[in-house]
$ cat input24.pdb   # PDB, C-alpha atoms and all ligand atoms
MODEL        1
ATOM      1  CA  MET A   1      97.873 126.747 122.391
ATOM      2  CA  LYS A   2     100.574 125.835 119.912
ATOM      3  CA  VAL A   3      99.817 125.328 116.232
ATOM      4  CA  ASP A   4     102.370 123.628 113.959
ATOM      5  CA  ILE A   5     102.016 124.599 110.328
ATOM      6  CA  ILE A   6     103.336 121.708 108.263
ATOM      7  CA  VAL A   7     104.341 122.695 104.742
ATOM      8  CA  PRO A   8     105.541 120.036 102.270
ATOM      9  CA  CYS A   9     107.805 121.685  99.696
ATOM     10  CA  TYR A  10     109.255 120.190  96.570
ATOM     11  CA  ASN A  11     111.051 122.624  94.280
ATOM     12  CA  GLU A  12     109.013 125.571  95.516
ATOM     13  CA  GLU A  13     111.629 128.355  95.371
ATOM     14  CA  GLN A  14     109.356 130.506  93.232
ATOM     15  CA  VAL A  15     106.391 130.434  95.541
ATOM     16  CA  LEU A  16     107.917 130.096  99.021
ATOM     17  CA  PRO A  17     108.495 133.821  99.646
ATOM     18  CA  LEU A  18     104.922 134.554  98.572
ATOM     19  CA  PHE A  19     103.645 131.772 100.798
ATOM     20  CA  PHE A  20     105.633 132.840 103.814
ATOM     21  CA  SER A  21     104.572 136.468 103.688
ATOM     22  CA  ALA A  22     100.918 135.575 103.054
ATOM     23  CA  CYS A  23     100.946 133.175 105.987
ATOM     24  CA  GLU A  24     102.754 135.578 108.282
ATOM     25  CA  GLU A  25     100.206 138.267 107.536
ATOM     26  CA  VAL A  26      97.373 135.988 108.623
ATOM     27  CA  ILE A  27      98.896 134.490 111.745
ATOM     28  CA  ARG A  28     100.207 137.770 113.129
ATOM     29  CA  LYS A  29      96.565 138.775 113.459
ATOM     30  CA  ILE A  30      95.886 135.795 115.745
ATOM     31  CA  PRO A  31      97.968 136.475 118.845
ATOM     32  CA  SER A  32      96.022 134.045 121.020
ATOM     33  CA  TYR A  33      97.815 131.083 119.401
ATOM     34  CA  GLU A  34     101.509 130.332 119.149
ATOM     35  CA  PHE A  35     102.346 129.376 115.573
ATOM     36  CA  ARG A  36     105.377 127.440 114.403
ATOM     37  CA  TYR A  37     106.320 126.491 110.892
ATOM     38  CA  LEU A  38     107.590 123.056 110.096
ATOM     39  CA  PHE A  39     108.709 123.052 106.484
ATOM     40  CA  ILE A  40     109.443 119.700 104.915
ATOM     41  CA  ASP A  41     111.821 119.980 102.011
ATOM     42  CA  ASP A  42     111.077 116.839 100.050
ATOM     43  CA  GLY A  43     114.462 116.514  98.368
ATOM     44  CA  SER A  44     114.143 119.703  96.332
ATOM     45  CA  LYS A  45     116.743 120.256  93.641
ATOM     46  CA  ASP A  46     116.375 124.024  93.551
ATOM     47  CA  THR A  47     117.145 126.601  96.258
ATOM     48  CA  THR A  48     114.182 125.607  98.483
ATOM     49  CA  PRO A  49     116.458 124.198 101.267
ATOM     50  CA  LEU A  50     118.508 127.399 101.306
ATOM     51  CA  ILE A  51     115.388 129.543 101.570
ATOM     52  CA  LEU A  52     114.131 127.419 104.455
ATOM     53  CA  LYS A  53     117.479 127.618 106.215
ATOM     54  CA  ASN A  54     117.389 131.383 105.927
ATOM     55  CA  TYR A  55     113.880 131.567 107.352
ATOM     56  CA  ALA A  56     114.993 129.398 110.265
ATOM     57  CA  LYS A  57     117.939 131.689 110.889
ATOM     58  CA  GLN A  58     115.767 134.774 110.834
ATOM     59  CA  HIS A  59     112.784 133.490 112.789
ATOM     60  CA  PRO A  60     112.936 131.394 115.957
ATOM     61  CA  TYR A  61     109.564 129.811 115.191
ATOM     62  CA  VAL A  62     110.596 128.366 111.811
ATOM     63  CA  TYR A  63     111.805 124.777 111.668
ATOM     64  CA  TYR A  64     112.572 122.511 108.766
ATOM     65  CA  ILE A  65     113.400 118.983 107.750
ATOM     66  CA  SER A  66     115.270 118.260 104.542
ATOM     67  CA  PHE A  67     114.827 114.769 103.153
ATOM     68  CA  SER A  68     117.799 112.939 101.689
ATOM     69  CA  ARG A  69     115.880 112.678  98.392
ATOM     70  CA  ASN A  70     112.350 113.069  97.057
ATOM     71  CA  PHE A  71     110.012 110.759  98.961
ATOM     72  CA  GLY A  72     106.683 112.253  97.878
ATOM     73  CA  LYS A  73     104.101 114.464  99.552
ATOM     74  CA  GLU A  74     102.656 111.623 101.627
ATOM     75  CA  ALA A  75     106.054 111.032 103.234
ATOM     76  CA  ALA A  76     106.483 114.767 103.786
ATOM     77  CA  MET A  77     103.142 115.045 105.589
ATOM     78  CA  TYR A  78     103.937 111.991 107.706
ATOM     79  CA  ALA A  79     107.304 113.442 108.697
ATOM     80  CA  GLY A  80     105.590 116.719 109.564
ATOM     81  CA  LEU A  81     102.986 115.071 111.762
ATOM     82  CA  THR A  82     105.620 112.855 113.394
ATOM     83  CA  HIS A  83     107.745 115.836 114.395
ATOM     84  CA  ALA A  84     104.920 118.217 115.266
ATOM     85  CA  THR A  85     104.781 118.716 119.007
ATOM     86  CA  GLY A  86     102.061 121.369 119.218
ATOM     87  CA  ASP A  87      98.458 121.027 120.312
ATOM     88  CA  TYR A  88      97.303 121.425 116.733
ATOM     89  CA  ALA A  89      98.793 120.608 113.356
ATOM     90  CA  LEU A  90      97.815 122.299 110.140
ATOM     91  CA  ILE A  91      98.854 120.910 106.760
ATOM     92  CA  LEU A  92      99.302 123.570 104.084
ATOM     93  CA  ASP A  93     100.543 123.359 100.497
ATOM     94  CA  ALA A  94     103.354 125.752  99.702
ATOM     95  CA  ASP A  95     101.771 126.972  96.470
ATOM     96  CA  LEU A  96      99.031 129.059  98.170
ATOM     97  CA  GLN A  97      96.334 126.762  96.790
ATOM     98  CA  HIS A  98      95.408 126.303 100.440
ATOM     99  CA  PRO A  99      94.599 129.910 101.370
ATOM    100  CA  PRO A 100      96.052 130.778 104.791
ATOM    101  CA  THR A 101      93.164 133.239 105.180
ATOM    102  CA  LEU A 102      91.034 130.254 106.204
ATOM    103  CA  ILE A 103      93.147 129.614 109.312
ATOM    104  CA  PRO A 104      91.026 131.749 111.705
ATOM    105  CA  GLU A 105      87.844 129.954 110.616
ATOM    106  CA  MET A 106      89.526 126.577 111.065
ATOM    107  CA  LEU A 107      90.739 127.494 114.539
ATOM    108  CA  LYS A 108      87.218 128.561 115.406
ATOM    109  CA  ALA A 109      85.986 125.093 114.518
ATOM    110  CA  MET A 110      88.468 123.616 116.988
ATOM    111  CA  GLU A 111      87.257 126.001 119.670
ATOM    112  CA  GLU A 112      83.749 124.700 118.992
ATOM    113  CA  GLY A 113      84.969 121.284 120.033
ATOM    114  CA  TYR A 114      85.793 119.615 116.730
ATOM    115  CA  ASP A 115      88.859 117.381 116.472
ATOM    116  CA  CYS A 116      89.547 118.229 112.867
ATOM    117  CA  CYS A 117      88.621 120.906 110.380
ATOM    118  CA  THR A 118      88.844 120.052 106.694
ATOM    119  CA  ALA A 119      88.778 122.696 103.997
ATOM    120  CA  ILE A 120      87.035 121.474 100.883
ATOM    121  CA  ARG A 121      87.701 123.028  97.507
ATOM    122  CA  ASN A 122      85.429 123.050  94.520
ATOM    123  CA  ARG A 123      86.880 122.089  91.163
ATOM    124  CA  ALA A 124      86.473 125.453  89.426
ATOM    125  CA  GLY A 125      89.216 125.895  86.838
ATOM    126  CA  ASP A 126      90.409 122.272  86.936
ATOM    127  CA  PRO A 127      90.868 120.517  83.579
ATOM    128  CA  LYS A 128      87.578 118.855  82.564
ATOM    129  CA  LEU A 129      89.040 115.407  81.961
ATOM    130  CA  ARG A 130      90.839 115.394  85.302
ATOM    131  CA  THR A 131      87.649 116.438  87.092
ATOM    132  CA  TRP A 132      85.728 113.660  85.355
ATOM    133  CA  PHE A 133      88.256 111.006  86.360
ATOM    134  CA  SER A 134      88.438 112.342  89.914
ATOM    135  CA  GLN A 135      84.681 112.206  90.300
ATOM    136  CA  ARG A 136      84.600 108.610  89.004
ATOM    137  CA  PHE A 137      87.365 107.727  91.448
ATOM    138  CA  TYR A 138      85.527 109.167  94.444
ATOM    139  CA  ARG A 139      82.272 107.476  93.453
ATOM    140  CA  LEU A 140      83.994 104.114  93.007
ATOM    141  CA  MET A 141      86.017 104.456  96.186
ATOM    142  CA  ASN A 142      82.976 105.318  98.278
ATOM    143  CA  ARG A 143      81.127 102.340  96.872
ATOM    144  CA  ILE A 144      83.826  99.703  97.347
ATOM    145  CA  SER A 145      85.612 100.686 100.533
ATOM    146  CA  ASP A 146      84.734 101.307 104.155
ATOM    147  CA  VAL A 147      86.219 104.766 104.238
ATOM    148  CA  LYS A 148      84.187 107.604 102.821
ATOM    149  CA  LEU A 149      86.085 110.169 100.817
ATOM    150  CA  LYS A 150      84.733 113.540  99.849
ATOM    151  CA  ASP A 151      85.565 115.046  96.475
ATOM    152  CA  GLY A 152      87.650 118.163  97.028
ATOM    153  CA  ALA A 153      88.680 117.245 100.565
ATOM    154  CA  GLY A 154      92.451 117.084 100.315
ATOM    155  CA  ASP A 155      95.173 117.389 102.897
ATOM    156  CA  PHE A 156      94.274 120.945 103.909
ATOM    157  CA  ARG A 157      93.319 120.137 107.485
ATOM    158  CA  LEU A 158      93.738 121.367 111.013
ATOM    159  CA  MET A 159      93.879 118.561 113.571
ATOM    160  CA  ASN A 160      94.117 118.370 117.309
ATOM    161  CA  ARG A 161      96.563 116.169 119.194
ATOM    162  CA  LYS A 162      94.051 113.336 119.551
ATOM    163  CA  MET A 163      93.592 113.149 115.790
ATOM    164  CA  ILE A 164      97.329 113.545 115.044
ATOM    165  CA  ASP A 165      98.181 110.636 117.357
ATOM    166  CA  ALA A 166      95.468 108.513 115.767
ATOM    167  CA  VAL A 167      96.774 109.258 112.266
ATOM    168  CA  LEU A 168     100.310 108.363 113.379
ATOM    169  CA  SER A 169      99.108 105.144 114.970
ATOM    170  CA  LEU A 170      98.392 103.828 111.483
ATOM    171  CA  GLU A 171     101.911 102.782 110.699
ATOM    172  CA  GLU A 172     101.594 101.629 107.113
ATOM    173  CA  VAL A 173     104.508 102.440 104.872
ATOM    174  CA  SER A 174     102.555 103.237 101.726
ATOM    175  CA  ARG A 175     100.307 105.944 103.031
ATOM    176  CA  PHE A 176      97.132 107.273 101.483
ATOM    177  CA  SER A 177      96.362 110.173 103.779
ATOM    178  CA  LYS A 178      92.923 111.002 102.426
ATOM    179  CA  GLY A 179      91.845 107.503 103.392
ATOM    180  CA  ILE A 180      93.686 107.565 106.708
ATOM    181  CA  PHE A 181      92.051 110.844 107.776
ATOM    182  CA  SER A 182      88.653 109.409 107.001
ATOM    183  CA  TYR A 183      89.466 106.037 108.581
ATOM    184  CA  VAL A 184      90.407 107.457 111.984
ATOM    185  CA  GLY A 185      87.071 109.233 112.283
ATOM    186  CA  PHE A 186      86.615 111.828 115.064
ATOM    187  CA  ARG A 187      84.511 114.944 114.880
ATOM    188  CA  ASN A 188      85.273 116.696 111.641
ATOM    189  CA  LYS A 189      84.031 120.061 110.504
ATOM    190  CA  GLU A 190      83.992 120.770 106.795
ATOM    191  CA  ILE A 191      84.356 124.246 105.433
ATOM    192  CA  SER A 192      84.440 125.033 101.741
ATOM    193  CA  TYR A 193      86.526 127.391  99.693
ATOM    194  CA  GLU A 194      86.869 128.492  96.108
ATOM    195  CA  ASN A 195      89.580 126.692  94.129
ATOM    196  CA  VAL A 196      92.598 128.884  93.430
ATOM    197  CA  GLU A 197      95.373 128.548  90.901
ATOM    198  CA  ARG A 198      98.936 127.907  91.998
ATOM    199  CA  ALA A 199     100.560 131.260  92.888
ATOM    200  CA  ALA A 200     103.818 130.394  91.069
ATOM    201  CA  GLY A 201     105.853 127.385  89.968
ATOM    202  CA  THR A 202     104.395 124.214  88.470
ATOM    203  CA  THR A 203     102.360 121.274  89.743
ATOM    204  CA  LYS A 204     104.227 118.058  90.501
ATOM    205  CA  TRP A 205     101.308 115.827  89.614
ATOM    206  CA  SER A 206     101.045 114.445  86.111
ATOM    207  CA  PHE A 207      97.931 112.620  84.985
ATOM    208  CA  PHE A 208      99.758 109.300  85.209
ATOM    209  CA  LYS A 209     100.961 110.041  88.750
ATOM    210  CA  LEU A 210      97.400 110.893  89.793
ATOM    211  CA  PHE A 211      96.143 107.660  88.252
ATOM    212  CA  ARG A 212      98.766 105.681  90.166
ATOM    213  CA  TYR A 213      97.794 107.547  93.334
ATOM    214  CA  ALA A 214      94.131 106.637  92.794
ATOM    215  CA  LEU A 215      95.062 102.975  92.325
ATOM    216  CA  ASP A 216      97.133 103.147  95.504
ATOM    217  CA  GLY A 217      94.140 104.558  97.331
ATOM    218  CA  ILE A 218      91.906 101.736  96.176
ATOM    219  CA  THR A 219      94.338  98.959  97.091
ATOM    220  CA  SER A 220      95.058 100.632 100.449
ATOM    221  CA  PHE A 221      91.471 100.805 101.563
ATOM    222  CA  SER A 222      89.521  98.171  99.685
ATOM    223  CA  THR A 223      89.796  94.489  98.850
ATOM    224  CA  PHE A 224      86.906  94.712  96.417
ATOM    225  CA  PRO A 225      89.121  94.189  93.304
ATOM    226  CA  LEU A 226      90.205  90.836  94.780
ATOM    227  CA  LYS A 227      86.593  89.862  95.267
ATOM    228  CA  CYS A 228      85.910  90.846  91.650
ATOM    229  CA  ALA A 229      88.661  88.460  90.552
ATOM    230  CA  ALA A 230      87.118  85.664  92.602
ATOM    231  CA  PHE A 231      83.665  86.481  91.236
ATOM    232  CA  LEU A 232      84.876  86.436  87.630
ATOM    233  CA  GLY A 233      86.604  83.116  88.254
ATOM    234  CA  SER A 234      83.471  81.558  89.763
ATOM    235  CA  PHE A 235      81.259  82.903  87.018
ATOM    236  CA  PHE A 236      83.397  81.468  84.231
ATOM    237  CA  SER A 237      83.850  78.137  86.034
ATOM    238  CA  LEU A 238      80.099  77.775  86.391
ATOM    239  CA  PHE A 239      79.597  78.724  82.760
ATOM    240  CA  ALA A 240      82.254  76.200  81.663
ATOM    241  CA  PHE A 241      80.649  73.455  83.765
ATOM    242  CA  VAL A 242      77.177  74.022  82.313
ATOM    243  CA  TYR A 243      78.613  74.217  78.807
ATOM    244  CA  LEU A 244      80.493  70.964  79.387
ATOM    245  CA  ILE A 245      77.272  69.164  80.285
ATOM    246  CA  VAL A 246      75.560  70.623  77.224
ATOM    247  CA  LEU A 247      78.436  69.427  75.018
ATOM    248  CA  VAL A 248      78.417  65.908  76.477
ATOM    249  CA  ILE A 249      74.682  65.555  75.940
ATOM    250  CA  LYS A 250      74.934  67.010  72.440
ATOM    251  CA  THR A 251      77.766  64.619  71.519
ATOM    252  CA  LEU A 252      75.816  61.628  72.844
ATOM    253  CA  VAL A 253      72.696  62.606  70.939
ATOM    254  CA  THR A 254      74.042  63.939  67.631
ATOM    255  CA  GLY A 255      77.626  62.612  67.460
ATOM    256  CA  ILE A 256      80.922  64.482  67.351
ATOM    257  CA  ASP A 257      80.857  67.931  65.801
ATOM    258  CA  VAL A 258      84.219  69.626  65.014
ATOM    259  CA  PRO A 259      83.596  73.219  63.781
ATOM    260  CA  GLY A 260      84.041  76.141  66.116
ATOM    261  CA  TYR A 261      87.631  77.249  65.530
ATOM    262  CA  ALA A 262      86.861  80.972  65.727
ATOM    263  CA  SER A 263      84.813  80.715  68.892
ATOM    264  CA  THR A 264      87.482  78.555  70.553
ATOM    265  CA  ILE A 265      90.200  81.108  69.822
ATOM    266  CA  ALA A 266      87.970  83.958  71.008
ATOM    267  CA  LEU A 267      87.265  82.152  74.262
ATOM    268  CA  ILE A 268      90.928  81.291  74.838
ATOM    269  CA  LEU A 269      91.880  84.925  74.304
ATOM    270  CA  LEU A 270      89.095  86.180  76.561
ATOM    271  CA  LEU A 271      89.936  83.778  79.367
ATOM    272  CA  GLY A 272      93.680  84.356  78.964
ATOM    273  CA  GLY A 273      93.074  88.087  79.257
ATOM    274  CA  LEU A 274      90.871  87.672  82.314
ATOM    275  CA  ILE A 275      93.401  85.405  84.021
ATOM    276  CA  LEU A 276      96.160  87.948  83.445
ATOM    277  CA  LEU A 277      93.918  90.768  84.681
ATOM    278  CA  CYS A 278      93.155  88.861  87.874
ATOM    279  CA  LEU A 279      96.829  88.030  88.305
ATOM    280  CA  GLY A 280      97.552  91.724  87.918
ATOM    281  CA  ILE A 281      95.023  92.581  90.627
ATOM    282  CA  VAL A 282      96.533  90.018  92.981
ATOM    283  CA  GLY A 283      99.952  91.374  92.004
ATOM    284  CA  GLU A 284      98.977  94.897  93.092
ATOM    285  CA  TYR A 285      98.109  93.636  96.563
ATOM    286  CA  LEU A 286     101.169  91.414  96.679
ATOM    287  CA  ALA A 287     103.360  94.392  95.828
ATOM    288  CA  LYS A 288     101.702  96.310  98.639
ATOM    289  CA  ILE A 289     102.367  93.506 101.119
ATOM    290  CA  TYR A 290     105.944  93.273  99.856
ATOM    291  CA  LYS A 291     106.445  96.980 100.498
ATOM    292  CA  GLU A 292     104.868  96.766 103.941
ATOM    293  CA  VAL A 293     106.804  93.740 105.213
ATOM    294  CA  LYS A 294     110.133  95.272 104.259
ATOM    295  CA  ARG A 295     109.340  98.044 106.740
ATOM    296  CA  ARG A 296     111.562 100.517 105.002
ATOM    297  CA  PRO A 297     111.398 103.997 106.514
ATOM    298  CA  VAL A 298     108.804 106.296 104.961
ATOM    299  CA  TYR A 299     111.443 109.047 104.666
ATOM    300  CA  LEU A 300     115.090 109.700 105.478
ATOM    301  CA  ILE A 301     116.270 113.000 106.899
ATOM    302  CA  GLY A 302     119.311 114.628 105.344
ATOM    303  CA  GLU A 303     119.348 117.682 107.549
ATOM    304  CA  SER A 304     116.984 119.279 110.015
ATOM    305  CA  HIS A 305     116.352 122.024 112.459
ATOM    306  CA  LEU A 306     113.679 121.010 114.924
ATOM    307  CA  PRO A 307     112.408 122.269 118.293
ATOM    308  CA  ASN A 308     114.412 121.012 121.281
ATOM    309  CA  GLU A 309     117.331 120.080 119.094
ATOM    310  CA  ASN A 310     120.820 121.480 119.281
ATOM    311  CA  ASP A 311     121.264 121.446 115.538
ATOM    312  CA  VAL A 312     123.403 124.209 114.206
ATOM    313  CA  ILE A 313     121.579 126.018 111.451
TER     314      ILE A 313
HETATM  315  N1  LIG A 401     104.989 118.111  97.133
HETATM  316  C1  LIG A 401     105.926 117.407  97.877
HETATM  317  N2  LIG A 401     106.533 116.324  97.312
HETATM  318  C2  LIG A 401     106.246 115.896  96.045
HETATM  319  C3  LIG A 401     105.267 116.608  95.319
HETATM  320  C4  LIG A 401     104.651 117.701  95.886
HETATM  321  O1  LIG A 401     106.209 117.765  99.008
HETATM  322  O2  LIG A 401     106.845 114.909  95.612
HETATM  323  C5  LIG A 401     104.323 119.291  97.721
HETATM  324  C6  LIG A 401     104.403 120.556  96.876
HETATM  325  O3  LIG A 401     105.608 121.263  97.113
HETATM  326  C7  LIG A 401     103.184 121.333  97.316
HETATM  327  C8  LIG A 401     102.193 120.221  97.653
HETATM  328  O4  LIG A 401     102.951 119.036  97.853
HETATM  329  O5  LIG A 401     103.423 122.108  98.478
HETATM  330  C9  LIG A 401     101.160 120.013  96.568
HETATM  331  O6  LIG A 401     101.808 119.771  95.350
HETATM  332  P1  LIG A 401     101.294 120.378  93.979
HETATM  333  O7  LIG A 401     100.885 121.789  94.159
HETATM  334  O8  LIG A 401     102.340 120.087  92.955
HETATM  335  O9  LIG A 401     100.032 119.476  93.720
HETATM  336  P2  LIG A 401      98.593 119.939  93.186
HETATM  337  O10 LIG A 401      98.190 121.127  94.020
HETATM  338  O11 LIG A 401      98.790 120.280  91.765
HETATM  339  O12 LIG A 401      97.741 118.758  93.426
HETATM  340 MG    MG A 402      99.160 122.743  94.267
ENDMDL
END

$ encode --input "input24.pdb" --output "structure tokens" --more "lines below"
Ligand code: UDP
Ligand code: MG
Amino acid sequence: MKVDIIVPCYNEEQVLPLFFSACEEVIRKIPSYEFRYLFIDDGSKDTTPLILKNYAKQHPYVYYISFSRNFGKEAAMYAGLTHATGDYALILDADLQHPPTLIPEMLKAMEEGYDCCTAIRNRAGDPKLRTWFSQRFYRLMNRISDVKLKDGAGDFRLMNRKMIDAVLSLEEVSRFSKGIFSYVGFRNKEISYENVERAAGTTKWSFFKLFRYALDGITSFSTFPLKCAAFLGSFFSLFAFVYLIVLVIKTLVTGIDVPGYASTIALILLLGGLILLCLGIVGEYLAKIYKEVKRRPVYLIGESHLPNENDVI
């Protein structure tokens, strides 16, 4: 059985040697599987591509793809899965936050007949505020969309061919893998592990980026915000209609009454704000459709060394 280890790397020169030796140590103890590395250099600006090239030169089971620029981790994972040809694919972060020591346990799950094994981390050591926002996101997402996401279940997964093909059959350009993995279903085994700090280097996710990612997730897998906009619109229309009747009756009975400047301004501001908010929600979905219909490639390869290719390294 062949296992492709897909490793997205973006400016990971500091941690790559640590990662490679830690991973090697684990997989050399599992001779019953044939492991291959498929590193995805996501347009790194440091020496990451050189390191990968060297690994490929030294080891016949190391392959890499270098993107023409930074396309993001989602694109890197998609490229990895697209080019993986093995029976299994494992997605691992380069920073050792996904401990390779879990690989034997994950393989065992596959032998038990599961299609996917997901490693779930706890949030020990994460910043409090980030944890709070993440938990709110997962709660909201699970309430408003069809896919069920589990807090701590990231991209650290081992999948069989059936699952890989299913994931690739979802051809959307803006990809939210957590949602896609859950959407495709199949038999999934969850194992948990203790959160670990990055071995070296720095995280590429700022708070703002994470927030954007969460919004992307919601608009990718739920149309609930659109329904909210429609609900708000209906609610205010009904309110306005009832109020109109009240006003007409009041005018007929007691005559015309002019005061109410402050309340009029307040209402105009409130409604103006709500209209813009709803437009913004519609805009988010429109932007998503715009991106999808253009059908731009998810990633572009600058250079690669892949199995069954005559590329010169
Ligand atoms: N990564 C990537 N492209 C990016 C950002 C990150 O390929 O644009 C990779 C990164 O090299 C690492 C993994 O995705 O292997 C997870 O990134 P990071 O550790 O920065 O995220 P965190 O663990 O803090 O969520
Ligand atoms: Mg990390």

$ residues_around --input "input24.pdb" --residues "A:Ile289" --least-positions-apart "6" --cutoff "12 Å" --atoms "all atoms listed in the file" --output "list in words"
Glu172, Val173, Ser174, Thr219, Ser220, Val282, Gly283 and Arg295 of chain A

$ atom_distance --input "input24.pdb" --atom1 "atom CA of A:Lys29" --atom2 "atom CA of A:Glu112"
19.8 Å

$ atom_distance --input "input24.pdb" --atom1 "atom CA of A:Leu129" --atom2 "atom CA of A:Arg143"
21.3 Å

$ residues_near_ligand --input "input24.pdb" --ligand "ligand LIG 401 (chain A)" --cutoff "9 Å" --atoms "all atoms listed in the file" --output "ChimeraX atom specification"
/A:7-12,40-44,70-77,92-98,154,197-198,201-206,210

$ atom_distance --input "input24.pdb" --atom1 "atom CA of A:Cys116" --atom2 "atom CA of A:Phe221"
20.9 Å

$ closest_residue --input "input24.pdb" --among "A:Asp151, A:Asp115, A:Asp216, A:Asp126" --to "A:Arg187" --atoms "all atoms listed in the file"
A:Asp115
